[in-house]
$ cat entry-v6.cif   # mmCIF, N, CA and C atoms
data_start
loop_
_atom_site.label_atom_id
_atom_site.label_comp_id
_atom_site.auth_asym_id
_atom_site.auth_seq_id
_atom_site.Cartn_x
_atom_site.Cartn_y
_atom_site.Cartn_z
N MET A 250 32.85 16.69 8.52
CA MET A 250 32.65 15.32 8.13
C MET A 250 32.05 15.28 6.74
N LYS A 251 32.67 14.54 5.85
CA LYS A 251 32.19 14.43 4.48
C LYS A 251 31.19 13.28 4.40
N TRP A 252 30.04 13.56 3.81
CA TRP A 252 29.00 12.55 3.65
C TRP A 252 29.12 11.93 2.27
N SER A 253 29.30 10.64 2.22
CA SER A 253 29.36 9.95 0.95
C SER A 253 27.93 9.69 0.46
N GLY A 254 27.80 9.34 -0.81
CA GLY A 254 26.48 9.13 -1.42
C GLY A 254 25.66 8.08 -0.70
N TRP A 255 26.28 6.99 -0.30
CA TRP A 255 25.51 5.91 0.33
C TRP A 255 25.02 6.32 1.70
N LYS A 256 25.79 7.16 2.42
CA LYS A 256 25.34 7.62 3.74
C LYS A 256 24.13 8.55 3.59
N LEU A 257 24.18 9.44 2.61
CA LEU A 257 23.04 10.34 2.37
C LEU A 257 21.80 9.54 1.99
N PHE A 258 21.99 8.53 1.13
CA PHE A 258 20.87 7.69 0.73
C PHE A 258 20.28 6.96 1.93
N ALA A 259 21.13 6.41 2.78
CA ALA A 259 20.67 5.67 3.95
C ALA A 259 19.87 6.57 4.89
N VAL A 260 20.36 7.79 5.11
CA VAL A 260 19.66 8.73 5.99
C VAL A 260 18.32 9.12 5.36
N ALA A 261 18.30 9.38 4.05
CA ALA A 261 17.06 9.76 3.38
C ALA A 261 16.05 8.61 3.40
N ALA A 262 16.53 7.40 3.14
CA ALA A 262 15.64 6.24 3.15
C ALA A 262 15.06 6.01 4.54
N ALA A 263 15.88 6.14 5.57
CA ALA A 263 15.39 5.96 6.94
C ALA A 263 14.35 7.02 7.28
N ALA A 264 14.57 8.25 6.84
CA ALA A 264 13.61 9.33 7.10
C ALA A 264 12.27 9.04 6.43
N VAL A 265 12.31 8.56 5.19
CA VAL A 265 11.08 8.23 4.48
C VAL A 265 10.33 7.12 5.20
N LEU A 266 11.04 6.10 5.65
CA LEU A 266 10.39 4.99 6.34
C LEU A 266 9.76 5.44 7.65
N VAL A 267 10.45 6.30 8.38
CA VAL A 267 9.91 6.79 9.64
C VAL A 267 8.66 7.64 9.38
N ILE A 268 8.75 8.51 8.40
CA ILE A 268 7.62 9.38 8.08
C ILE A 268 6.43 8.56 7.60
N SER A 269 6.67 7.59 6.73
CA SER A 269 5.55 6.79 6.21
C SER A 269 4.93 5.93 7.30
N GLY A 270 5.72 5.43 8.23
CA GLY A 270 5.20 4.63 9.34
C GLY A 270 4.36 5.47 10.29
N CYS A 271 4.76 6.72 10.49
CA CYS A 271 4.01 7.60 11.37
C CYS A 271 2.65 7.94 10.79
N GLY A 272 2.55 8.01 9.49
CA GLY A 272 1.29 8.36 8.84
C GLY A 272 0.23 7.31 9.01
N ALA A 273 0.61 6.08 9.32
CA ALA A 273 -0.37 4.99 9.43
C ALA A 273 -1.31 5.19 10.60
N ALA A 274 -0.90 5.94 11.60
CA ALA A 274 -1.75 6.12 12.77
C ALA A 274 -2.77 7.24 12.58
N ASN A 275 -2.62 8.04 11.52
CA ASN A 275 -3.55 9.13 11.29
C ASN A 275 -4.90 8.59 10.87
N ASP A 276 -5.96 9.18 11.39
CA ASP A 276 -7.31 8.79 11.02
C ASP A 276 -7.77 9.73 9.93
N GLN A 277 -7.64 9.29 8.68
CA GLN A 277 -8.04 10.13 7.57
C GLN A 277 -9.40 9.66 7.10
N THR A 278 -10.30 10.60 6.90
CA THR A 278 -11.61 10.25 6.41
C THR A 278 -11.75 10.79 5.00
N GLU A 279 -12.51 10.09 4.20
CA GLU A 279 -12.75 10.52 2.83
C GLU A 279 -14.20 10.90 2.69
N ASP A 280 -14.46 11.84 1.82
CA ASP A 280 -15.82 12.25 1.51
C ASP A 280 -16.23 11.56 0.22
N PRO A 281 -17.07 10.51 0.30
CA PRO A 281 -17.46 9.77 -0.90
C PRO A 281 -18.09 10.65 -1.97
N ALA A 282 -18.69 11.77 -1.58
CA ALA A 282 -19.31 12.65 -2.55
C ALA A 282 -18.27 13.28 -3.47
N ASN A 283 -17.02 13.37 -3.03
CA ASN A 283 -15.97 13.96 -3.84
C ASN A 283 -15.28 12.95 -4.74
N ASP A 284 -15.56 11.69 -4.64
CA ASP A 284 -14.92 10.65 -5.43
C ASP A 284 -15.92 10.08 -6.43
N GLN A 285 -15.88 10.57 -7.65
CA GLN A 285 -16.84 10.17 -8.66
C GLN A 285 -16.69 8.72 -9.10
N ASN A 286 -15.48 8.16 -9.02
CA ASN A 286 -15.22 6.82 -9.52
C ASN A 286 -15.12 5.78 -8.42
N GLN A 287 -15.54 6.09 -7.25
CA GLN A 287 -15.40 5.17 -6.12
C GLN A 287 -16.39 4.01 -6.26
N GLU A 288 -15.85 2.78 -6.12
CA GLU A 288 -16.71 1.61 -6.12
C GLU A 288 -17.16 1.33 -4.71
N THR A 289 -18.35 0.80 -4.59
CA THR A 289 -18.82 0.37 -3.28
C THR A 289 -18.53 -1.12 -3.14
N PRO A 290 -18.50 -1.64 -1.92
CA PRO A 290 -18.28 -3.08 -1.75
C PRO A 290 -19.26 -3.92 -2.57
N ALA A 291 -20.49 -3.48 -2.70
CA ALA A 291 -21.47 -4.25 -3.46
C ALA A 291 -21.09 -4.29 -4.94
N GLU A 292 -20.47 -3.20 -5.45
CA GLU A 292 -20.10 -3.15 -6.86
C GLU A 292 -18.92 -4.07 -7.17
N ASN A 293 -18.00 -4.23 -6.23
CA ASN A 293 -16.84 -5.07 -6.52
C ASN A 293 -16.87 -6.39 -5.77
N GLY A 294 -17.96 -6.71 -5.10
CA GLY A 294 -18.12 -7.98 -4.42
C GLY A 294 -17.29 -8.12 -3.18
N ALA A 295 -16.99 -7.04 -2.51
CA ALA A 295 -16.00 -7.04 -1.43
C ALA A 295 -16.29 -7.98 -0.29
N ALA A 296 -16.82 -7.50 0.79
CA ALA A 296 -16.88 -8.31 2.01
C ALA A 296 -18.05 -9.28 1.97
N ASP A 297 -17.80 -10.47 2.52
CA ASP A 297 -18.91 -11.40 2.68
C ASP A 297 -19.54 -11.14 4.04
N GLY A 298 -20.48 -11.94 4.44
CA GLY A 298 -21.23 -11.70 5.66
C GLY A 298 -20.41 -11.66 6.92
N ASN A 299 -19.25 -12.33 6.97
CA ASN A 299 -18.47 -12.34 8.21
C ASN A 299 -17.28 -11.40 8.18
N GLY A 300 -17.22 -10.49 7.19
CA GLY A 300 -16.17 -9.49 7.15
C GLY A 300 -14.90 -9.95 6.46
N ASP A 301 -14.84 -11.20 6.00
CA ASP A 301 -13.66 -11.68 5.30
C ASP A 301 -13.69 -11.20 3.86
N THR A 302 -12.51 -11.10 3.27
CA THR A 302 -12.45 -10.80 1.85
C THR A 302 -11.82 -11.98 1.15
N ALA A 303 -12.39 -12.36 0.03
CA ALA A 303 -11.84 -13.45 -0.76
C ALA A 303 -10.86 -12.87 -1.77
N ALA A 304 -10.02 -13.72 -2.33
CA ALA A 304 -9.08 -13.26 -3.35
C ALA A 304 -9.87 -12.60 -4.47
N GLY A 305 -9.49 -11.40 -4.84
CA GLY A 305 -10.16 -10.67 -5.90
C GLY A 305 -11.24 -9.74 -5.38
N ASP A 306 -11.70 -9.91 -4.16
CA ASP A 306 -12.71 -9.04 -3.58
C ASP A 306 -12.03 -8.06 -2.64
N PHE A 307 -12.43 -6.78 -2.73
CA PHE A 307 -11.81 -5.78 -1.88
C PHE A 307 -12.72 -4.56 -1.76
N ASP A 308 -12.45 -3.79 -0.73
CA ASP A 308 -13.12 -2.51 -0.50
C ASP A 308 -12.15 -1.45 -1.01
N GLN A 309 -12.43 -0.91 -2.18
CA GLN A 309 -11.52 0.02 -2.84
C GLN A 309 -11.20 1.24 -1.98
N ALA A 310 -12.21 1.86 -1.39
CA ALA A 310 -11.98 3.06 -0.59
C ALA A 310 -11.07 2.77 0.60
N ALA A 311 -11.30 1.65 1.28
CA ALA A 311 -10.46 1.28 2.42
C ALA A 311 -9.04 0.97 1.98
N ALA A 312 -8.88 0.28 0.85
CA ALA A 312 -7.55 -0.05 0.34
C ALA A 312 -6.79 1.22 -0.03
N GLU A 313 -7.46 2.14 -0.68
CA GLU A 313 -6.81 3.40 -1.06
C GLU A 313 -6.40 4.20 0.17
N GLN A 314 -7.22 4.17 1.21
CA GLN A 314 -6.89 4.89 2.44
C GLN A 314 -5.64 4.28 3.09
N VAL A 315 -5.57 2.96 3.16
CA VAL A 315 -4.39 2.30 3.73
C VAL A 315 -3.18 2.59 2.87
N TYR A 316 -3.34 2.54 1.55
CA TYR A 316 -2.22 2.83 0.64
C TYR A 316 -1.70 4.25 0.89
N GLN A 317 -2.60 5.20 0.98
CA GLN A 317 -2.19 6.59 1.20
C GLN A 317 -1.44 6.76 2.52
N ALA A 318 -1.89 6.06 3.55
CA ALA A 318 -1.29 6.21 4.87
C ALA A 318 0.03 5.44 5.01
N SER A 319 0.18 4.31 4.31
CA SER A 319 1.32 3.43 4.58
C SER A 319 2.23 3.16 3.39
N CYS A 320 1.80 3.42 2.17
CA CYS A 320 2.58 3.00 1.01
C CYS A 320 3.00 4.15 0.09
N LEU A 321 2.21 5.20 0.07
CA LEU A 321 2.39 6.30 -0.87
C LEU A 321 3.78 6.92 -0.82
N ALA A 322 4.36 7.06 0.35
CA ALA A 322 5.66 7.73 0.47
C ALA A 322 6.75 7.03 -0.34
N CYS A 323 6.68 5.72 -0.45
CA CYS A 323 7.71 4.97 -1.19
C CYS A 323 7.27 4.56 -2.59
N HIS A 324 5.97 4.34 -2.78
CA HIS A 324 5.50 3.81 -4.06
C HIS A 324 4.78 4.85 -4.92
N GLY A 325 4.67 6.10 -4.45
CA GLY A 325 4.11 7.18 -5.23
C GLY A 325 2.60 7.30 -5.14
N ALA A 326 2.11 8.50 -5.41
CA ALA A 326 0.68 8.79 -5.32
C ALA A 326 -0.13 8.00 -6.33
N ASN A 327 0.47 7.68 -7.47
CA ASN A 327 -0.23 6.97 -8.53
C ASN A 327 0.37 5.59 -8.79
N LEU A 328 1.00 5.02 -7.76
CA LEU A 328 1.64 3.71 -7.83
C LEU A 328 2.80 3.70 -8.82
N GLU A 329 3.32 4.89 -9.15
CA GLU A 329 4.36 5.01 -10.17
C GLU A 329 5.76 4.66 -9.68
N GLY A 330 5.91 4.49 -8.40
CA GLY A 330 7.22 4.17 -7.84
C GLY A 330 7.98 5.43 -7.47
N SER A 331 8.84 5.29 -6.51
CA SER A 331 9.69 6.38 -6.03
C SER A 331 10.90 5.70 -5.40
N VAL A 332 10.97 5.67 -4.08
CA VAL A 332 12.00 4.90 -3.39
C VAL A 332 11.73 3.41 -3.61
N GLY A 333 10.46 3.03 -3.60
CA GLY A 333 10.05 1.65 -3.85
C GLY A 333 9.66 1.49 -5.31
N PRO A 334 9.48 0.26 -5.76
CA PRO A 334 9.13 0.01 -7.16
C PRO A 334 7.72 0.46 -7.50
N GLN A 335 7.47 0.63 -8.78
CA GLN A 335 6.13 0.98 -9.25
C GLN A 335 5.22 -0.22 -9.07
N LEU A 336 3.95 0.06 -8.82
CA LEU A 336 2.97 -0.99 -8.55
C LEU A 336 1.79 -0.96 -9.51
N THR A 337 1.92 -0.22 -10.62
CA THR A 337 0.80 -0.07 -11.54
C THR A 337 0.34 -1.38 -12.15
N ASP A 338 1.24 -2.36 -12.26
CA ASP A 338 0.88 -3.66 -12.83
C ASP A 338 1.34 -4.81 -11.93
N VAL A 339 1.39 -4.56 -10.64
CA VAL A 339 1.90 -5.57 -9.71
C VAL A 339 1.08 -6.86 -9.74
N GLY A 340 -0.21 -6.77 -10.03
CA GLY A 340 -1.06 -7.95 -10.11
C GLY A 340 -0.72 -8.87 -11.26
N ALA A 341 -0.04 -8.35 -12.27
CA ALA A 341 0.40 -9.18 -13.39
C ALA A 341 1.65 -9.98 -13.02
N ARG A 342 2.34 -9.53 -11.97
CA ARG A 342 3.59 -10.18 -11.57
C ARG A 342 3.44 -11.04 -10.33
N LEU A 343 2.55 -10.64 -9.41
CA LEU A 343 2.43 -11.31 -8.12
C LEU A 343 0.97 -11.64 -7.80
N SER A 344 0.77 -12.72 -7.06
CA SER A 344 -0.57 -13.11 -6.62
C SER A 344 -0.96 -12.32 -5.38
N VAL A 345 -2.22 -12.43 -4.98
CA VAL A 345 -2.70 -11.80 -3.75
C VAL A 345 -1.87 -12.27 -2.56
N ASP A 346 -1.63 -13.58 -2.47
CA ASP A 346 -0.87 -14.13 -1.35
C ASP A 346 0.58 -13.64 -1.34
N GLU A 347 1.20 -13.54 -2.51
CA GLU A 347 2.58 -13.05 -2.58
C GLU A 347 2.66 -11.58 -2.16
N ILE A 348 1.69 -10.79 -2.60
CA ILE A 348 1.66 -9.38 -2.21
C ILE A 348 1.45 -9.26 -0.71
N ALA A 349 0.52 -10.04 -0.15
CA ALA A 349 0.26 -10.01 1.29
C ALA A 349 1.52 -10.40 2.07
N ASP A 350 2.24 -11.40 1.60
CA ASP A 350 3.46 -11.83 2.27
C ASP A 350 4.50 -10.71 2.29
N ILE A 351 4.65 -10.00 1.20
CA ILE A 351 5.61 -8.89 1.13
C ILE A 351 5.19 -7.77 2.08
N ILE A 352 3.90 -7.46 2.12
CA ILE A 352 3.42 -6.40 3.01
C ILE A 352 3.66 -6.80 4.47
N LYS A 353 3.33 -8.04 4.82
CA LYS A 353 3.47 -8.50 6.21
C LYS A 353 4.93 -8.66 6.64
N ASN A 354 5.76 -9.21 5.77
CA ASN A 354 7.12 -9.59 6.17
C ASN A 354 8.22 -8.73 5.58
N GLY A 355 7.88 -7.86 4.64
CA GLY A 355 8.89 -7.05 3.99
C GLY A 355 9.66 -7.87 2.96
N ARG A 356 10.45 -7.18 2.16
CA ARG A 356 11.27 -7.85 1.15
C ARG A 356 12.32 -6.86 0.66
N ASN A 357 13.54 -7.34 0.56
CA ASN A 357 14.66 -6.50 0.17
C ASN A 357 14.72 -5.27 1.08
N THR A 358 14.57 -4.07 0.53
CA THR A 358 14.65 -2.86 1.36
C THR A 358 13.30 -2.44 1.94
N MET A 359 12.23 -3.11 1.55
CA MET A 359 10.92 -2.76 2.10
C MET A 359 10.75 -3.39 3.47
N PRO A 360 10.42 -2.56 4.47
CA PRO A 360 10.19 -3.12 5.81
C PRO A 360 8.81 -3.75 5.93
N ALA A 361 8.66 -4.66 6.86
CA ALA A 361 7.36 -5.24 7.16
C ALA A 361 6.43 -4.13 7.64
N GLN A 362 5.18 -4.20 7.25
CA GLN A 362 4.19 -3.19 7.63
C GLN A 362 3.36 -3.73 8.80
N ALA A 363 4.01 -3.87 9.94
CA ALA A 363 3.40 -4.48 11.12
C ALA A 363 2.26 -3.66 11.69
N GLN A 364 2.15 -2.40 11.34
CA GLN A 364 1.08 -1.56 11.86
C GLN A 364 -0.27 -1.89 11.22
N LEU A 365 -0.27 -2.68 10.14
CA LEU A 365 -1.51 -3.02 9.45
C LEU A 365 -2.12 -4.29 10.02
N SER A 366 -3.44 -4.29 10.15
CA SER A 366 -4.14 -5.48 10.61
C SER A 366 -4.16 -6.51 9.47
N ASP A 367 -4.49 -7.76 9.81
CA ASP A 367 -4.60 -8.80 8.79
C ASP A 367 -5.66 -8.45 7.76
N GLU A 368 -6.76 -7.84 8.20
CA GLU A 368 -7.83 -7.45 7.28
C GLU A 368 -7.35 -6.36 6.33
N GLU A 369 -6.60 -5.39 6.85
CA GLU A 369 -6.07 -4.33 5.99
C GLU A 369 -5.09 -4.90 4.97
N VAL A 370 -4.23 -5.82 5.41
CA VAL A 370 -3.27 -6.44 4.51
C VAL A 370 -3.99 -7.21 3.41
N GLN A 371 -4.99 -7.99 3.77
CA GLN A 371 -5.72 -8.78 2.77
C GLN A 371 -6.45 -7.88 1.78
N ASN A 372 -7.11 -6.85 2.27
CA ASN A 372 -7.84 -5.93 1.41
C ASN A 372 -6.89 -5.18 0.48
N LEU A 373 -5.80 -4.67 1.03
CA LEU A 373 -4.80 -3.96 0.23
C LEU A 373 -4.19 -4.88 -0.81
N SER A 374 -3.89 -6.11 -0.44
CA SER A 374 -3.30 -7.09 -1.35
C SER A 374 -4.24 -7.40 -2.51
N ALA A 375 -5.52 -7.58 -2.21
CA ALA A 375 -6.49 -7.86 -3.27
C ALA A 375 -6.63 -6.67 -4.21
N TRP A 376 -6.63 -5.46 -3.66
CA TRP A 376 -6.71 -4.24 -4.48
C TRP A 376 -5.49 -4.13 -5.38
N LEU A 377 -4.30 -4.37 -4.81
CA LEU A 377 -3.09 -4.27 -5.62
C LEU A 377 -3.02 -5.39 -6.67
N ALA A 378 -3.49 -6.59 -6.31
CA ALA A 378 -3.48 -7.71 -7.27
C ALA A 378 -4.38 -7.44 -8.47
N ALA A 379 -5.36 -6.55 -8.33
CA ALA A 379 -6.22 -6.20 -9.44
C ALA A 379 -5.54 -5.24 -10.41
N LYS A 380 -4.38 -4.73 -10.05
CA LYS A 380 -3.61 -3.82 -10.91
C LYS A 380 -2.81 -4.66 -11.88
N LYS A 381 -3.26 -4.74 -13.12
CA LYS A 381 -2.60 -5.59 -14.13
C LYS A 381 -2.26 -4.81 -15.37
#
$ encode --input "entry-v6.cif" --output "structure tokens"
Amino acid sequence: MKWSGWKLFAVAAAAVLVISGCGAANDQTEDPANDQNQETPAENGAADGNGDTAAGDFDQAAAEQVYQASCLACHGANLEGSVGPQLTDVGARLSVDEIADIIKNGRNTMPAQAQLSDEEVQNLSAWLAAKK
């Protein structure tokens, strides 16, 4: 059986999506002592008293952890893009709400990231919106 280019692409894309979705369930811990540039919630104004995050406020370490588990496979380790588009300046193009909508519902070839909680989506969206 001869595989045409689009069939190979479809199989590769499906494999990436399956692999990236499986990574979301992994419990990865970070050692803050190894991250010299890590901001704390107090430094970036992240969570308010009831655990909500406002537009522009985020927990950088938590956002990076979610990104690594759920986004890195398609958008690259440095947000440079791969199967998915680059996100280095996504905040200049999209608002927090637009980014959250794409994460929750998907867009074009990006599937919805249903494994993420609303809090993770909001935090990740605010972190990405700060990329300008």
$ atom_distance --input "entry-v6.cif" --atom1 "atom CA of Val339 of chain A" --atom2 "atom CA of His324 of chain A"
11.5 Å
$ axis_aligned_box --input "entry-v6.cif" --around "segment 345-359 of chain A" --padding-each-side "5 Å" --output "AutoDock Vina command-line options"
--center_x 6.0 --center_y -8.3 --center_z 0.8 --size_x 27.4 --size_y 21.7 --size_z 21.6
$ resolve_selection --input "entry-v6.cif" --expression "the PyMOL selection byres ((chain A and resi 345) around 8)" --output "list in words"
Ala304, Gly305, Gly340, Arg342, Leu343, Ser344, Asp346, Glu347, Ile348, Ala349, Asp350, Ile351, Gln371, Leu373, Ser374, Ala375, Trp376, Leu377, Ala378 and Ala379 of chain A
$ write_last_selection --input "entry-v6.cif" --atoms "N, CA and C atoms" --output "JSON list (two decimals), keeping the file's coordinate frame"
[["chain", "number", "residue", "atom", "x", "y", "z"],
["A", 304, "ALA", "N", -10.02, -13.72, -2.33],
["A", 304, "ALA", "CA", -9.08, -13.26, -3.35],
["A", 304, "ALA", "C", -9.87, -12.60, -4.47],
["A", 305, "GLY", "N", -9.49, -11.40, -4.84],
["A", 305, "GLY", "CA", -10.16, -10.67, -5.90],
["A", 305, "GLY", "C", -11.24, -9.74, -5.38],
["A", 340, "GLY", "N", -0.21, -6.77, -10.03],
["A", 340, "GLY", "CA", -1.06, -7.95, -10.11],
["A", 340, "GLY", "C", -0.72, -8.87, -11.26],
["A", 342, "ARG", "N", 2.34, -9.53, -11.97],
["A", 342, "ARG", "CA", 3.59, -10.18, -11.57],
["A", 342, "ARG", "C", 3.44, -11.04, -10.33],
["A", 343, "LEU", "N", 2.55, -10.64, -9.41],
["A", 343, "LEU", "CA", 2.43, -11.31, -8.12],
["A", 343, "LEU", "C", 0.97, -11.64, -7.80],
["A", 344, "SER", "N", 0.77, -12.72, -7.06],
["A", 344, "SER", "CA", -0.57, -13.11, -6.62],
["A", 344, "SER", "C", -0.96, -12.32, -5.38],
["A", 346, "ASP", "N", -1.63, -13.58, -2.47],
["A", 346, "ASP", "CA", -0.87, -14.13, -1.35],
["A", 346, "ASP", "C", 0.58, -13.64, -1.34],
["A", 347, "GLU", "N", 1.20, -13.54, -2.51],
["A", 347, "GLU", "CA", 2.58, -13.05, -2.58],
["A", 347, "GLU", "C", 2.66, -11.58, -2.16],
["A", 348, "ILE", "N", 1.69, -10.79, -2.60],
["A", 348, "ILE", "CA", 1.66, -9.38, -2.21],
["A", 348, "ILE", "C", 1.45, -9.26, -0.71],
["A", 349, "ALA", "N", 0.52, -10.04, -0.15],
["A", 349, "ALA", "CA", 0.26, -10.01, 1.29],
["A", 349, "ALA", "C", 1.52, -10.40, 2.07],
["A", 350, "ASP", "N", 2.24, -11.40, 1.60],
["A", 350, "ASP", "CA", 3.46, -11.83, 2.27],
["A", 350, "ASP", "C", 4.50, -10.71, 2.29],
["A", 351, "ILE", "N", 4.65, -10.00, 1.20],
["A", 351, "ILE", "CA", 5.61, -8.89, 1.13],
["A", 351, "ILE", "C", 5.19, -7.77, 2.08],
["A", 371, "GLN", "N", -4.99, -7.99, 3.77],
["A", 371, "GLN", "CA", -5.72, -8.78, 2.77],
["A", 371, "GLN", "C", -6.45, -7.88, 1.78],
["A", 373, "LEU", "N", -5.80, -4.67, 1.03],
["A", 373, "LEU", "CA", -4.80, -3.96, 0.23],
["A", 373, "LEU", "C", -4.19, -4.88, -0.81],
["A", 374, "SER", "N", -3.89, -6.11, -0.44],
["A", 374, "SER", "CA", -3.30, -7.09, -1.35],
["A", 374, "SER", "C", -4.24, -7.40, -2.51],
["A", 375, "ALA", "N", -5.52, -7.58, -2.21],
["A", 375, "ALA", "CA", -6.49, -7.86, -3.27],
["A", 375, "ALA", "C", -6.63, -6.67, -4.21],
["A", 376, "TRP", "N", -6.63, -5.46, -3.66],
["A", 376, "TRP", "CA", -6.71, -4.24, -4.48],
["A", 376, "TRP", "C", -5.49, -4.13, -5.38],
["A", 377, "LEU", "N", -4.30, -4.37, -4.81],
["A", 377, "LEU", "CA", -3.09, -4.27, -5.62],
["A", 377, "LEU", "C", -3.02, -5.39, -6.67],
["A", 378, "ALA", "N", -3.49, -6.59, -6.31],
["A", 378, "ALA", "CA", -3.48, -7.71, -7.27],
["A", 378, "ALA", "C", -4.38, -7.44, -8.47],
["A", 379, "ALA", "N", -5.36, -6.55, -8.33],
["A", 379, "ALA", "CA", -6.22, -6.20, -9.44],
["A", 379, "ALA", "C", -5.54, -5.24, -10.41]]
$ atom_distance --input "entry-v6.cif" --atom1 "atom CA of Ser319 of chain A" --atom2 "atom C of Gln362 of chain A"
8.6 Å
$ atom_distance --input "entry-v6.cif" --atom1 "atom CA of Val370 of chain A" --atom2 "atom CA of Ser331 of chain A"
21.1 Å
$ closest_residue --input "entry-v6.cif" --among "A:Glu329, A:Asp338, A:Asp306, A:Asp367" --to "Lys380 of chain A" --atoms "all atoms listed in the file"
A:Asp338
$ residues_around --input "entry-v6.cif" --residues "Lys353 of chain A" --least-positions-apart "6" --cutoff "6.5 Å" --atoms "all atoms listed in the file" --output "list in words"
Pro360, Ala361, Gln362 and Ala363 of chain A
$ resolve_selection --input "entry-v6.cif" --expression "the PyMOL selection byres ((chain A and resi 323) around 8)" --output "short mmCIF file (atom, residue, chain, number, x, y, z; two decimals) with N, CA and C atoms, in the frame of the given file"
data_model
loop_
_atom_site.label_atom_id
_atom_site.label_comp_id
_atom_site.auth_asym_id
_atom_site.auth_seq_id
_atom_site.Cartn_x
_atom_site.Cartn_y
_atom_site.Cartn_z
N VAL A 265 12.31 8.56 5.19
CA VAL A 265 11.08 8.23 4.48
C VAL A 265 10.33 7.12 5.20
N LEU A 266 11.04 6.10 5.65
CA LEU A 266 10.39 4.99 6.34
C LEU A 266 9.76 5.44 7.65
N SER A 269 6.67 7.59 6.73
CA SER A 269 5.55 6.79 6.21
C SER A 269 4.93 5.93 7.30
N SER A 319 0.18 4.31 4.31
CA SER A 319 1.32 3.43 4.58
C SER A 319 2.23 3.16 3.39
N CYS A 320 1.80 3.42 2.17
CA CYS A 320 2.58 3.00 1.01
C CYS A 320 3.00 4.15 0.09
N LEU A 321 2.21 5.20 0.07
CA LEU A 321 2.39 6.30 -0.87
C LEU A 321 3.78 6.92 -0.82
N ALA A 322 4.36 7.06 0.35
CA ALA A 322 5.66 7.73 0.47
C ALA A 322 6.75 7.03 -0.34
N HIS A 324 5.97 4.34 -2.78
CA HIS A 324 5.50 3.81 -4.06
C HIS A 324 4.78 4.85 -4.92
N GLY A 325 4.67 6.10 -4.45
CA GLY A 325 4.11 7.18 -5.23
C GLY A 325 2.60 7.30 -5.14
N ALA A 326 2.11 8.50 -5.41
CA ALA A 326 0.68 8.79 -5.32
C ALA A 326 -0.13 8.00 -6.33
N LEU A 328 1.00 5.02 -7.76
CA LEU A 328 1.64 3.71 -7.83
C LEU A 328 2.80 3.70 -8.82
N GLU A 329 3.32 4.89 -9.15
CA GLU A 329 4.36 5.01 -10.17
C GLU A 329 5.76 4.66 -9.68
N GLY A 330 5.91 4.49 -8.40
CA GLY A 330 7.22 4.17 -7.84
C GLY A 330 7.98 5.43 -7.47
N SER A 331 8.84 5.29 -6.51
CA SER A 331 9.69 6.38 -6.03
C SER A 331 10.90 5.70 -5.40
N VAL A 332 10.97 5.67 -4.08
CA VAL A 332 12.00 4.90 -3.39
C VAL A 332 11.73 3.41 -3.61
N GLY A 333 10.46 3.03 -3.60
CA GLY A 333 10.05 1.65 -3.85
C GLY A 333 9.66 1.49 -5.31
N PRO A 334 9.48 0.26 -5.76
CA PRO A 334 9.13 0.01 -7.16
C PRO A 334 7.72 0.46 -7.50
N GLN A 335 7.47 0.63 -8.78
CA GLN A 335 6.13 0.98 -9.25
C GLN A 335 5.22 -0.22 -9.07
#
$ residues_around --input "entry-v6.cif" --residues "Val315 of chain A" --least-positions-apart "2" --cutoff "10 Å" --atoms "only C-alpha atoms" --output "CSV table (one decimal) with N, CA and C atoms, in the frame of the given file"
chain,number,residue,atom,x,y,z
A,272,GLY,N,2.6,8.0,9.5
A,272,GLY,CA,1.3,8.4,8.8
A,272,GLY,C,0.2,7.3,9.0
A,273,ALA,N,0.6,6.1,9.3
A,273,ALA,CA,-0.4,5.0,9.4
A,273,ALA,C,-1.3,5.2,10.6
A,277,GLN,N,-7.6,9.3,8.7
A,277,GLN,CA,-8.0,10.1,7.6
A,277,GLN,C,-9.4,9.7,7.1
A,309,GLN,N,-12.4,-0.9,-2.2
A,309,GLN,CA,-11.5,0.0,-2.8
A,309,GLN,C,-11.2,1.2,-2.0
A,310,ALA,N,-12.2,1.9,-1.4
A,310,ALA,CA,-12.0,3.1,-0.6
A,310,ALA,C,-11.1,2.8,0.6
A,311,ALA,N,-11.3,1.6,1.3
A,311,ALA,CA,-10.5,1.3,2.4
A,311,ALA,C,-9.0,1.0,2.0
A,312,ALA,N,-8.9,0.3,0.8
A,312,ALA,CA,-7.6,0.0,0.3
A,312,ALA,C,-6.8,1.2,0.0
A,313,GLU,N,-7.5,2.1,-0.7
A,313,GLU,CA,-6.8,3.4,-1.1
A,313,GLU,C,-6.4,4.2,0.2
A,317,GLN,N,-2.6,5.2,1.0
A,317,GLN,CA,-2.2,6.6,1.2
A,317,GLN,C,-1.4,6.8,2.5
A,318,ALA,N,-1.9,6.1,3.6
A,318,ALA,CA,-1.3,6.2,4.9
A,318,ALA,C,0.0,5.4,5.0
A,319,SER,N,0.2,4.3,4.3
A,319,SER,CA,1.3,3.4,4.6
A,319,SER,C,2.2,3.2,3.4
A,320,CYS,N,1.8,3.4,2.2
A,320,CYS,CA,2.6,3.0,1.0
A,320,CYS,C,3.0,4.2,0.1
A,321,LEU,N,2.2,5.2,0.1
A,321,LEU,CA,2.4,6.3,-0.9
A,321,LEU,C,3.8,6.9,-0.8
A,365,LEU,N,-0.3,-2.7,10.1
A,365,LEU,CA,-1.5,-3.0,9.4
A,365,LEU,C,-2.1,-4.3,10.0
A,369,GLU,N,-6.6,-5.4,6.8
A,369,GLU,CA,-6.1,-4.3,6.0
A,369,GLU,C,-5.1,-4.9,5.0
A,370,VAL,N,-4.2,-5.8,5.4
A,370,VAL,CA,-3.3,-6.4,4.5
A,370,VAL,C,-4.0,-7.2,3.4
A,372,ASN,N,-7.1,-6.8,2.3
A,372,ASN,CA,-7.8,-5.9,1.4
A,372,ASN,C,-6.9,-5.2,0.5
A,373,LEU,N,-5.8,-4.7,1.0
A,373,LEU,CA,-4.8,-4.0,0.2
A,373,LEU,C,-4.2,-4.9,-0.8
$ select_by_dssp --input "entry-v6.cif" --residues "segment 320-381 of chain A" --states "helix (DSSP H, G or I)" --output "NGL selection string"
:A and (321-324 or 339-342 or 345-354 or 367-378)
